[in-house]
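Peer 1: Here you go, structure.cif (mmCIF, C-alpha atoms):
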data_data
#
loop_
_atom_site.label_atom_id
_atom_site.label_comp_id
_atom_site.auth_asym_id
_atom_site.auth_seq_id
_atom_site.Cartn_x
_atom_site.Cartn_y
_atom_site.Cartn_z
CA MET A 146 96.40 -111.93 -171.83
CA ALA A 147 96.87 -114.45 -169.00
CA TYR A 148 100.30 -116.02 -168.57
CA PRO A 149 101.67 -118.63 -166.14
CA VAL A 150 103.05 -117.30 -162.87
CA PHE A 151 106.02 -118.73 -161.01
CA LYS A 152 105.23 -119.30 -157.34
CA ASP A 153 107.84 -119.74 -154.63
CA GLU A 154 106.55 -123.22 -153.79
CA MET A 155 107.46 -124.32 -157.33
CA LYS A 156 111.18 -123.76 -156.82
CA SER A 157 111.92 -127.31 -155.61
CA GLU A 158 110.50 -128.84 -158.80
CA TYR A 159 111.42 -126.32 -161.47
CA THR A 160 114.65 -125.68 -163.34
CA ILE A 161 115.16 -121.96 -163.91
CA LEU A 162 117.09 -121.02 -167.06
CA VAL A 163 119.16 -117.82 -167.15
CA PRO A 164 120.62 -116.24 -170.32
CA ASP A 165 124.37 -115.87 -170.50
CA MET A 166 125.96 -112.42 -170.18
CA LEU A 167 128.82 -112.63 -167.67
CA PRO A 168 129.64 -116.30 -166.98
CA VAL A 169 131.95 -115.63 -164.00
CA HIS A 170 129.53 -113.27 -162.25
CA PHE A 171 126.41 -115.25 -163.05
CA LYS A 172 127.87 -118.54 -161.82
CA LEU A 173 128.65 -116.90 -158.47
CA ILE A 174 125.14 -115.44 -158.24
CA ILE A 175 123.57 -118.77 -159.22
CA SER A 176 125.54 -120.59 -156.51
CA ILE A 177 124.07 -118.17 -153.94
CA LEU A 178 120.49 -118.52 -155.16
CA GLU A 179 120.81 -122.30 -155.12
CA LYS A 180 121.45 -122.10 -151.36
CA TYR A 181 117.94 -120.67 -151.07
CA GLY A 182 116.41 -123.68 -152.79
CA TYR A 183 116.36 -122.55 -156.42
CA HIS A 184 117.68 -124.84 -159.16
CA ILE A 185 119.19 -122.54 -161.77
CA GLU A 186 121.09 -123.27 -164.97
CA LEU A 187 123.15 -120.80 -167.01
CA LEU A 188 122.62 -121.11 -170.76
CA GLN A 189 125.89 -120.88 -172.67
CA THR A 190 124.81 -121.95 -176.14
CA ALA A 191 126.39 -119.73 -178.78
CA THR A 192 125.46 -121.31 -182.11
CA ARG A 193 123.82 -119.74 -185.15
CA GLU A 194 120.65 -121.57 -184.11
CA VAL A 195 120.28 -119.08 -181.23
CA VAL A 196 120.22 -116.16 -183.68
CA ASP A 197 117.87 -118.01 -186.04
CA GLU A 198 115.40 -118.77 -183.22
CA GLY A 199 115.50 -115.11 -182.22
CA LEU A 200 114.73 -114.02 -185.77
CA LYS A 201 111.82 -116.48 -185.96
CA ASN A 202 110.24 -115.35 -182.71
CA VAL A 203 111.02 -111.62 -182.51
CA HIS A 204 110.53 -108.89 -185.11
CA ASN A 205 113.86 -108.26 -186.81
CA ASP A 206 113.65 -104.56 -185.94
CA THR A 207 113.91 -105.52 -182.26
CA CYS A 208 117.31 -104.78 -180.75
CA TYR A 209 119.98 -107.45 -181.01
CA PRO A 210 120.24 -108.27 -177.27
CA ALA A 211 116.49 -109.01 -177.10
CA LEU A 212 116.76 -111.23 -180.15
CA LEU A 213 119.69 -113.19 -178.68
CA VAL A 214 118.23 -113.62 -175.21
CA ILE A 215 114.86 -114.81 -176.51
CA GLY A 216 116.54 -116.97 -179.14
CA GLN A 217 118.70 -118.61 -176.49
CA PHE A 218 115.65 -119.38 -174.35
CA ILE A 219 113.57 -120.83 -177.22
CA ASN A 220 116.56 -122.83 -178.46
CA ALA A 221 116.99 -124.35 -174.99
CA LEU A 222 113.30 -125.25 -174.68
CA LYS A 223 113.37 -126.94 -178.10
CA SER A 224 116.56 -128.88 -177.34
CA GLY A 225 114.77 -131.66 -175.47
CA LYS A 226 117.14 -131.25 -172.55
CA TYR A 227 114.50 -129.76 -170.26
CA ASP A 228 111.02 -130.78 -169.14
CA VAL A 229 109.09 -127.79 -170.43
CA ASN A 230 106.36 -128.45 -167.87
CA LYS A 231 108.90 -128.00 -165.07
CA THR A 232 111.02 -125.20 -166.52
CA ALA A 233 110.93 -121.44 -165.89
CA LEU A 234 112.88 -118.60 -167.48
CA MET A 235 114.39 -115.66 -165.63
CA LEU A 236 115.15 -112.13 -166.86
CA THR A 237 116.28 -109.01 -165.04
CA GLN A 238 114.33 -105.73 -165.26
CA THR A 239 115.94 -102.44 -164.24
CA GLY A 240 112.80 -100.33 -164.50
CA GLY A 241 114.17 -98.06 -167.23
CA GLY A 242 112.62 -97.44 -170.62
CA CYS A 243 114.94 -99.73 -172.54
CA ARG A 244 116.12 -103.31 -173.00
CA ALA A 245 116.22 -104.54 -169.43
CA SER A 246 112.58 -103.69 -168.75
CA ASN A 247 110.77 -104.65 -171.92
CA TYR A 248 112.23 -107.97 -173.10
CA ILE A 249 110.01 -109.87 -170.73
CA HIS A 250 106.86 -108.97 -172.67
CA LEU A 251 108.44 -109.95 -175.99
CA LEU A 252 109.55 -113.23 -174.43
CA ARG A 253 106.05 -114.08 -173.17
CA LYS A 254 104.64 -113.33 -176.62
CA ALA A 255 107.20 -115.68 -178.19
CA LEU A 256 106.46 -118.43 -175.64
CA ALA A 257 102.71 -118.25 -176.28
CA LYS A 258 103.17 -119.97 -179.65
CA GLU A 259 104.77 -123.23 -178.50
CA PHE A 260 105.44 -123.09 -174.76
CA PRO A 261 102.48 -121.29 -173.11
CA GLN A 262 102.99 -123.28 -169.89
CA VAL A 263 106.50 -121.89 -169.23
CA PRO A 264 106.50 -119.07 -166.64
CA VAL A 265 108.85 -116.10 -166.85
CA ILE A 266 110.42 -114.78 -163.65
CA SER A 267 111.29 -111.11 -163.28
CA LEU A 268 114.35 -110.32 -161.19
CA ASN A 269 113.91 -106.66 -160.32
CA LEU A 270 114.11 -104.18 -157.47
CA SER A 271 111.95 -101.52 -159.10
CA GLY A 272 108.49 -102.88 -158.31
CA LEU A 273 107.88 -104.26 -161.81
CA GLU A 274 106.17 -107.62 -162.30
CA LYS A 275 105.05 -107.96 -158.69
CA GLY A 276 104.27 -111.49 -157.61
CA THR A 277 106.12 -113.13 -160.51
CA GLY A 278 109.67 -113.12 -159.25
CA LEU A 279 111.99 -114.55 -156.65
CA THR A 280 111.45 -114.01 -152.95
CA LEU A 281 114.24 -111.50 -152.30
CA THR A 282 115.50 -111.05 -148.74
CA LEU A 283 118.07 -108.57 -147.44
CA PRO A 284 120.65 -111.31 -146.67
CA MET A 285 120.21 -112.69 -150.19
CA LEU A 286 120.58 -109.24 -151.76
CA ALA A 287 123.69 -108.52 -149.69
CA LYS A 288 125.33 -111.75 -150.82
CA VAL A 289 124.42 -111.17 -154.47
CA ALA A 290 125.77 -107.60 -154.33
CA VAL A 291 129.11 -108.68 -152.84
CA SER A 292 129.33 -111.56 -155.33
CA VAL A 293 129.19 -108.97 -158.14
CA PHE A 294 132.22 -107.22 -156.60
CA TYR A 295 134.10 -110.52 -156.44
CA GLY A 296 133.09 -111.30 -160.02
CA ASP A 297 134.40 -107.89 -161.11
CA LEU A 298 137.65 -108.59 -159.28
CA LEU A 299 138.13 -111.95 -161.01
CA MET A 300 137.28 -110.41 -164.40
CA SER A 301 139.74 -107.56 -163.91
CA LEU A 302 142.60 -109.73 -162.64
CA TYR A 303 142.06 -112.23 -165.43
CA ASN A 304 142.38 -109.49 -168.07
CA GLN A 305 145.43 -108.02 -166.37
CA CYS A 306 147.22 -111.40 -166.28
CA LYS A 307 146.04 -113.33 -169.35
CA PRO A 308 147.86 -111.24 -172.02
CA TYR A 309 151.17 -111.60 -170.18
CA GLU A 310 151.13 -115.17 -168.82
CA VAL A 311 154.31 -117.14 -169.50
CA HIS A 312 152.64 -120.54 -169.24
CA GLU A 313 149.50 -120.70 -171.33
CA GLY A 314 146.41 -121.56 -169.31
CA ASP A 315 147.71 -120.46 -165.89
CA THR A 316 145.29 -117.54 -165.70
CA ASP A 317 142.31 -119.67 -166.72
CA LYS A 318 143.18 -122.23 -164.04
CA MET A 319 143.46 -119.51 -161.39
CA ARG A 320 140.10 -118.02 -162.30
CA GLU A 321 138.50 -121.46 -162.25
CA LYS A 322 140.07 -122.16 -158.85
CA TRP A 323 138.47 -119.08 -157.31
CA GLN A 324 135.15 -119.68 -159.02
CA LYS A 325 135.05 -122.92 -157.03
CA LYS A 326 136.46 -121.49 -153.80
CA LEU A 327 134.19 -118.44 -153.50
CA PRO A 328 130.69 -120.01 -153.31
CA PRO A 329 131.28 -121.69 -149.89
CA VAL A 330 132.43 -118.31 -148.56
CA PHE A 331 128.84 -117.08 -148.92
CA ASP A 332 127.41 -119.83 -146.71
CA LYS A 333 128.28 -117.78 -143.63
CA ARG A 334 129.26 -114.18 -142.94
CA GLU A 335 132.73 -114.89 -144.31
CA PHE A 336 131.84 -113.06 -147.52
CA LEU A 337 132.01 -109.77 -145.60
CA LYS A 338 135.72 -110.31 -144.84
CA ILE A 339 136.65 -108.43 -147.96
CA LYS A 340 140.22 -107.55 -146.99
CA LYS A 341 141.03 -111.19 -146.21
CA TYR A 342 139.65 -112.72 -149.38
CA CYS A 343 140.80 -109.93 -151.66
CA LYS A 344 144.37 -110.45 -150.44
CA MET A 345 144.13 -114.19 -150.99
CA ILE A 346 142.82 -113.72 -154.53
CA LEU A 347 145.33 -110.97 -155.33
CA ASP A 348 148.23 -113.05 -153.99
CA ASP A 349 147.19 -116.02 -156.11
CA PHE A 350 146.93 -114.02 -159.32
CA ALA A 351 150.19 -112.22 -158.53
CA SER A 352 151.88 -115.63 -158.33
CA ILE A 353 151.19 -116.21 -162.05
CA GLU A 354 154.45 -115.84 -163.96
CA ARG A 355 154.01 -112.97 -166.40
CA ARG A 356 156.10 -111.35 -169.12
CA LYS A 357 157.22 -107.80 -168.56
CA GLU A 358 156.22 -106.23 -171.84
CA LYS A 359 154.01 -103.39 -172.94
CA LYS A 360 150.84 -104.30 -174.80
CA ILE A 361 148.14 -102.13 -176.29
CA ARG A 362 145.34 -101.63 -173.78
CA VAL A 363 141.85 -101.56 -175.27
CA GLY A 364 138.83 -100.48 -173.24
CA ILE A 365 135.38 -101.93 -173.96
CA VAL A 366 132.31 -99.81 -173.22
CA GLY A 367 128.76 -99.71 -174.55
CA GLU A 368 125.36 -101.33 -174.12
CA ILE A 369 125.53 -103.66 -171.13
CA TYR A 370 124.63 -106.95 -172.82
CA VAL A 371 126.74 -106.46 -175.94
CA LYS A 372 129.64 -105.13 -173.87
CA TYR A 373 129.87 -108.24 -171.70
CA SER A 374 128.28 -111.17 -173.56
CA PRO A 375 130.65 -113.25 -175.73
CA LEU A 376 127.61 -114.41 -177.68
CA ALA A 377 126.60 -110.83 -178.49
CA ASN A 378 130.04 -109.34 -179.23
CA ASN A 379 131.49 -112.33 -181.11
CA HIS A 380 133.97 -113.12 -178.32
CA LEU A 381 135.50 -109.65 -178.46
CA GLU A 382 137.82 -110.13 -175.48
CA GLU A 383 139.23 -113.34 -176.97
CA PHE A 384 139.79 -111.57 -180.28
CA LEU A 385 141.67 -108.72 -178.59
CA LEU A 386 143.84 -111.23 -176.74
CA SER A 387 144.62 -112.98 -180.04
CA GLU A 388 145.68 -109.60 -181.45
CA GLY A 389 148.18 -109.12 -178.62
CA CYS A 390 146.12 -106.61 -176.64
CA GLU A 391 145.08 -106.23 -173.01
CA PRO A 392 141.29 -105.86 -172.77
CA ILE A 393 140.04 -103.43 -170.13
CA VAL A 394 136.39 -104.09 -169.23
CA PRO A 395 134.57 -101.80 -166.76
CA ALA A 396 133.02 -103.44 -163.73
CA LEU A 397 129.43 -104.70 -163.77
CA MET A 398 128.93 -102.96 -160.43
CA GLU A 399 129.35 -99.63 -162.23
CA PHE A 400 126.12 -100.32 -164.11
CA VAL A 401 124.33 -101.35 -160.91
CA MET A 402 125.42 -98.14 -159.17
CA TYR A 403 124.53 -96.13 -162.29
CA CYS A 404 120.95 -97.42 -162.07
CA LEU A 405 120.69 -96.48 -158.39
CA ALA A 406 122.28 -93.06 -158.96
CA GLY A 407 119.88 -92.46 -161.86
CA SER A 408 116.86 -92.91 -159.61
CA VAL A 409 118.23 -90.37 -157.13
CA ALA A 410 119.17 -87.93 -159.93
CA ASP A 411 115.65 -88.10 -161.36
CA SER A 412 114.13 -87.36 -157.95
CA LYS A 413 116.21 -84.17 -157.73
CA LEU A 414 115.53 -83.07 -161.30
CA TYR A 415 111.78 -83.66 -161.13
CA GLN A 416 111.42 -82.80 -157.44
CA PHE A 417 109.77 -85.92 -156.09
CA THR A 418 110.57 -88.64 -153.58
CA ASN A 419 109.18 -92.08 -152.77
CA SER A 420 110.23 -95.36 -151.20
CA GLY A 421 112.05 -96.39 -154.39
CA VAL A 422 114.21 -93.27 -154.32
CA ARG A 423 115.01 -93.80 -150.64
CA PHE A 424 115.93 -97.43 -151.33
CA SER A 425 118.19 -96.36 -154.22
CA SER A 426 119.91 -93.72 -152.09
CA ILE A 427 120.60 -96.14 -149.23
CA GLY A 428 121.61 -98.90 -151.65
CA TYR A 429 124.04 -96.61 -153.47
CA SER A 430 125.69 -95.52 -150.21
CA LEU A 431 126.14 -99.12 -149.05
CA LEU A 432 127.52 -100.31 -152.39
CA HIS A 433 129.89 -97.36 -152.57
CA LYS A 434 131.26 -98.28 -149.15
CA PHE A 435 131.84 -101.84 -150.34
CA GLN A 436 133.46 -100.57 -153.53
CA LYS A 437 135.91 -98.43 -151.56
CA LYS A 438 136.88 -101.47 -149.49
CA PHE A 439 137.68 -103.46 -152.63
CA ILE A 440 139.60 -100.55 -154.17
CA LYS A 441 141.62 -100.07 -150.97
CA ALA A 442 142.46 -103.78 -150.80
CA ILE A 443 143.72 -103.75 -154.41
CA ASN A 444 145.70 -100.53 -153.95
CA ASP A 445 147.23 -101.74 -150.67
CA HIS A 446 148.32 -104.94 -152.39
CA GLY A 447 150.11 -102.81 -154.98
CA VAL A 448 150.40 -105.23 -157.91
CA PHE A 449 147.20 -104.72 -159.90
CA GLU A 450 145.17 -101.77 -161.10
CA ALA A 451 141.98 -101.07 -159.14
CA PRO A 452 138.64 -100.06 -160.69
CA HIS A 453 137.58 -96.43 -160.69
CA ASP A 454 135.77 -95.03 -157.67
CA PHE A 455 132.22 -94.54 -158.90
CA ASP A 456 131.92 -91.10 -157.37
CA HIS A 457 134.85 -90.10 -159.58
CA ILE A 458 133.08 -91.54 -162.63
CA ARG A 459 130.02 -89.43 -161.79
CA HIS A 460 132.28 -86.39 -161.48
CA LEU A 461 133.70 -87.12 -164.95
CA ALA A 462 130.19 -87.42 -166.36
CA ASP A 463 129.31 -83.97 -165.03
CA LYS A 464 132.03 -82.47 -167.23
CA TYR A 465 130.32 -83.61 -170.41
CA ILE A 466 126.69 -84.60 -169.86
CA SER A 467 123.89 -84.34 -167.31
CA GLN A 468 123.23 -87.27 -164.98
CA GLY A 469 119.61 -86.84 -165.99
CA VAL A 470 120.53 -88.54 -169.29
CA ASN A 471 119.94 -92.06 -168.04
CA MET A 472 117.96 -93.78 -170.78
CA GLY A 473 119.80 -96.96 -171.76
CA GLU A 474 123.37 -96.75 -170.50
CA GLY A 475 123.08 -92.95 -170.63
CA TRP A 476 125.83 -90.86 -169.13
CA LEU A 477 127.72 -93.96 -168.02
CA ILE A 478 129.17 -94.56 -171.50
CA PRO A 479 130.89 -91.16 -171.97
CA ALA A 480 131.94 -91.22 -168.30
CA GLU A 481 133.58 -94.65 -168.71
CA MET A 482 135.28 -93.49 -171.92
CA ALA A 483 136.67 -90.47 -170.08
CA ALA A 484 137.78 -92.60 -167.12
CA LEU A 485 139.62 -95.00 -169.44
CA ALA A 486 141.31 -92.19 -171.41
CA GLU A 487 142.25 -90.40 -168.18
CA THR A 488 144.09 -93.48 -166.87
CA GLY A 489 146.01 -94.22 -170.07
CA THR A 490 143.61 -96.56 -171.92
CA GLU A 491 143.17 -94.35 -174.96
CA ASN A 492 142.02 -97.08 -177.36
CA ILE A 493 138.31 -97.67 -176.79
CA ILE A 494 135.73 -99.87 -178.50
CA CYS A 495 132.13 -98.84 -178.02
CA THR A 496 129.89 -101.86 -178.55
CA GLN A 497 126.25 -101.23 -179.35
CA PRO A 498 123.25 -102.92 -180.91
CA PHE A 499 122.51 -101.51 -184.35
CA GLY A 500 119.71 -98.96 -184.15
CA CYS A 501 119.84 -98.51 -180.36
CA LEU A 502 118.99 -94.80 -180.32
CA PRO A 503 119.89 -93.98 -176.67
CA ASN A 504 123.29 -95.60 -176.93
CA HIS A 505 124.07 -94.12 -180.34
CA ILE A 506 123.39 -90.68 -178.89
CA VAL A 507 125.52 -91.10 -175.76
CA ALA A 508 128.25 -93.13 -177.48
CA LYS A 509 128.77 -91.87 -181.04
CA GLY A 510 127.25 -88.53 -180.11
CA MET A 511 129.62 -87.97 -177.18
CA SER A 512 132.82 -89.49 -178.60
CA ARG A 513 133.80 -86.20 -180.28
CA VAL A 514 133.54 -84.39 -176.95
CA ILE A 515 135.72 -87.05 -175.31
CA LYS A 516 138.26 -86.84 -178.14
CA LYS A 517 138.38 -83.08 -177.72
CA ALA A 518 139.19 -83.49 -174.01
CA TYR A 519 141.64 -86.35 -174.68
CA PRO A 520 143.22 -85.69 -178.13
CA ASN A 521 144.97 -89.08 -178.19
CA ALA A 522 141.75 -91.00 -177.63
CA ASN A 523 141.27 -93.62 -180.36
CA ILE A 524 137.55 -94.49 -180.23
CA VAL A 525 135.69 -96.79 -182.61
CA ALA A 526 131.99 -97.69 -182.45
CA ILE A 527 131.09 -101.22 -183.50
CA ASP A 528 127.49 -102.15 -184.29
CA TYR A 529 126.21 -105.67 -183.65
CA ASP A 530 123.10 -107.20 -185.23
CA PRO A 531 122.10 -110.45 -186.99
CA GLY A 532 123.21 -109.12 -190.37
CA ALA A 533 126.60 -107.72 -189.30
CA THR A 534 129.45 -110.05 -190.21
CA LYS A 535 132.17 -110.91 -187.73
CA VAL A 536 134.79 -110.27 -190.42
CA ASN A 537 133.67 -106.67 -190.96
CA GLN A 538 133.58 -106.02 -187.21
CA GLU A 539 137.06 -107.45 -186.71
CA ASN A 540 138.45 -105.56 -189.70
CA ARG A 541 137.26 -102.27 -188.18
CA ILE A 542 138.89 -103.20 -184.89
CA LYS A 543 142.12 -104.17 -186.67
CA LEU A 544 142.18 -100.75 -188.33
CA MET A 545 141.80 -99.14 -184.90
CA LEU A 546 144.65 -101.30 -183.57
CA ALA A 547 146.85 -100.37 -186.53
CA ASN A 548 146.32 -96.70 -185.63
CA ALA A 549 147.10 -97.50 -182.01
CA ARG A 550 150.36 -99.27 -182.91
CA SER A 551 151.34 -96.43 -185.21
CA ALA A 552 150.74 -93.90 -182.43
CA SER A 553 152.75 -95.94 -179.90
CA ASP A 554 155.71 -96.15 -182.31
CA ASN A 555 155.86 -92.38 -182.72
#
Starting from the file, give its structure as structure tokens.
Peer 2:
Amino acid sequence: MAYPVFKDEMKSEYTILVPDMLPVHFKLIISILEKYGYHIELLQTATREVVDEGLKNVHNDTCYPALLVIGQFINALKSGKYDVNKTALMLTQTGGGCRASNYIHLLRKALAKEFPQVPVISLNLSGLEKGTGLTLTLPMLAKVAVSVFYGDLLMSLYNQCKPYEVHEGDTDKMREKWQKKLPPVFDKREFLKIKKYCKMILDDFASIERRKEKKIRVGIVGEIYVKYSPLANNHLEEFLLSEGCEPIVPALMEFVMYCLAGSVADSKLYQFTNSGVRFSSIGYSLLHKFQKKFIKAINDHGVFEAPHDFDHIRHLADKYISQGVNMGEGWLIPAEMAALAETGTENIICTQPFGCLPNHIVAKGMSRVIKKAYPNANIVAIDYDPGATKVNQENRIKLMLANARSASDN
């Protein structure tokens, strides 16, 4: 079936819509892409209409993230806000056998009914959908990669400050300040001055007046979209904050490095090599060097907790599961659970789309092994789908928190 193709010369006339997953990260990435001539808009609609449009256009057995992403796109196109003859949609594809590779075909099928003229852009580094994506250059990729690290930093500092702020709203204002200050940094090579800008950001967040009290720390792991997207997880982080908890959310860069490491692991297991494997190996090494710079800057500052070194996360995975298990989020989920438990975050919510077989295996299937290694680990798996009620999800989390409070009192 023929479908419209987005050409680079169309970028000056077209608005490109992007589904919401991580607003802080995505806004930074969008600001970079706009410098290269693309006009991109982040969709942040979170109404029931999004779910309903997904159910109308995608089979209800399709996983929840696919339903939401496609529903959000169709809802936007029907809103009248955009000229559908000058609008394109963009999705990422990791190249794996799960969500991030296959939504694009479901989306095109849904568009064929009412919006056959709307092209879909694939953002991928795995050779999928050749000729239908953005023109990616090394400088652009470097800036996007570093922006993810800065987004992770802002996300982490926000969650470490927000539960303890004395003056309500101070943390939100600080995050918003740096969301505005960071984009100009990427205009030149300033973005590579990691030590300088990390210190500035860390100093600013450290200046927020915070209460010195102990709160229950709750880690959030699971399928990437449901883990991060407020639309998908019913604003889980906000709910935990309202319950007097400190949410701990693993970095997005961990998933990026997991994908690269998975390509290299497969090449060793199945004894092959190609340009993609070489690219993944070089990319992983470069990103790991950047990660160590960010970790060192945070540790040298001494006020906030740094993310885990990804080599250490891989080492933790090897204790419980092979790195060849990389379908979906694969070994990353048990490894992140172990890393959280190891560093004192024993209360863990595993978010997953209902019926997502790979993630049920590596999440529910591995939680017993993690609990055996860390007897105090308090792990609960929460399923998300169109039929799951927010009340039931929150009640299960409240039960987990009641157990956590009881354990902390003893």
Peer 1: Evaluating the PyMOL selection byres ((chain A and resi 438-440) around 9) on the displayed file yields which residues, as a tab-separated table (two decimals) with C-alpha atoms, in the coordinates of the input?
Peer 2:
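That gives us selection_12.tsv:
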chain	number	residue	atom	x	y	z
A	294	PHE	CA	132.22	-107.22	-156.60
A	295	TYR	CA	134.10	-110.52	-156.44
A	298	LEU	CA	137.65	-108.59	-159.28
A	339	ILE	CA	136.65	-108.43	-147.96
A	340	LYS	CA	140.22	-107.55	-146.99
A	343	CYS	CA	140.80	-109.93	-151.66
A	433	HIS	CA	129.89	-97.36	-152.57
A	434	LYS	CA	131.26	-98.28	-149.15
A	435	PHE	CA	131.84	-101.84	-150.34
A	436	GLN	CA	133.46	-100.57	-153.53
A	437	LYS	CA	135.91	-98.43	-151.56
A	441	LYS	CA	141.62	-100.07	-150.97
A	442	ALA	CA	142.46	-103.78	-150.80
A	443	ILE	CA	143.72	-103.75	-154.41
A	444	ASN	CA	145.70	-100.53	-153.95
A	445	ASP	CA	147.23	-101.74	-150.67
A	450	GLU	CA	145.17	-101.77	-161.10
A	451	ALA	CA	141.98	-101.07	-159.14
A	452	PRO	CA	138.64	-100.06	-160.69
A	453	HIS	CA	137.58	-96.43	-160.69
A	454	ASP	CA	135.77	-95.03	-157.67
Peer 1: Do a neighbour search on stretch 223-225 of chain A at 12 Å with all atoms listed in the file, toss out local chain neighbours closer than 3 positions, and write the hits as number ranges by chain.
Peer 2: A: 188, 190, 194-195, 198, 216-220, 228-230, 232, 256, 259-260
Peer 1: Ranking A:Pro210, A:Pro392, A:Pro168, A:Pro261 by minimum distance to A:Tyr148 and counting all atoms listed in the file, which one comes first?
Peer 2: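 Distance minimum relative to A:Tyr148 lands on A:Pro261.
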Peer 1: Would you kindly identify which residues have an atom no farther than 9 Å from (122.2, -105.5, -169.5), using all atoms listed in the file and the file's own coordinates, and write them out as a PyMOL selection string?
Peer 2: chain A and resi 166+210+237-239+244-245+368-373+400+474
Peer 1: Contacts between stretch 544-554 of chain A and stretch 288-407 of chain A, please, where a residue of stretch 288-407 of chain A counts if it comes within 12 Å (with only C-alpha atoms); show its shortest atom pair and distance in Å to one decimal, rows by chain and ascending number, as JSON lines.
Peer 2:
{"residue": "A:Lys359", "atom": "CA", "partner": "A:Ser553", "partner_atom": "CA", "distance": 10.3}
{"residue": "A:Lys360", "atom": "CA", "partner": "A:Arg550", "partner_atom": "CA", "distance": 9.6}
{"residue": "A:Ile361", "atom": "CA", "partner": "A:Ala549", "partner_atom": "CA", "distance": 7.4}
{"residue": "A:Arg362", "atom": "CA", "partner": "A:Ala549", "partner_atom": "CA", "distance": 9.4}
{"residue": "A:Val363", "atom": "CA", "partner": "A:Leu546", "partner_atom": "CA", "distance": 8.8}
{"residue": "A:Gly364", "atom": "CA", "partner": "A:Leu546", "partner_atom": "CA", "distance": 11.9}
{"residue": "A:Phe384", "atom": "CA", "partner": "A:Leu546", "partner_atom": "CA", "distance": 11.8}
{"residue": "A:Leu385", "atom": "CA", "partner": "A:Leu546", "partner_atom": "CA", "distance": 9.4}
{"residue": "A:Glu388", "atom": "CA", "partner": "A:Leu546", "partner_atom": "CA", "distance": 8.6}
{"residue": "A:Gly389", "atom": "CA", "partner": "A:Leu546", "partner_atom": "CA", "distance": 9.9}
{"residue": "A:Cys390", "atom": "CA", "partner": "A:Leu546", "partner_atom": "CA", "distance": 8.9}
{"residue": "A:Glu391", "atom": "CA", "partner": "A:Leu546", "partner_atom": "CA", "distance": 11.7}
Peer 1: Under the rule that all atoms listed in the file are counted, which of A:Ile493, A:Ile527, A:Ala287, A:Leu222 is the nearest residue to A:His505?
Peer 2: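 Closest to A:His505, using all atoms listed in the file: A:Ile527.
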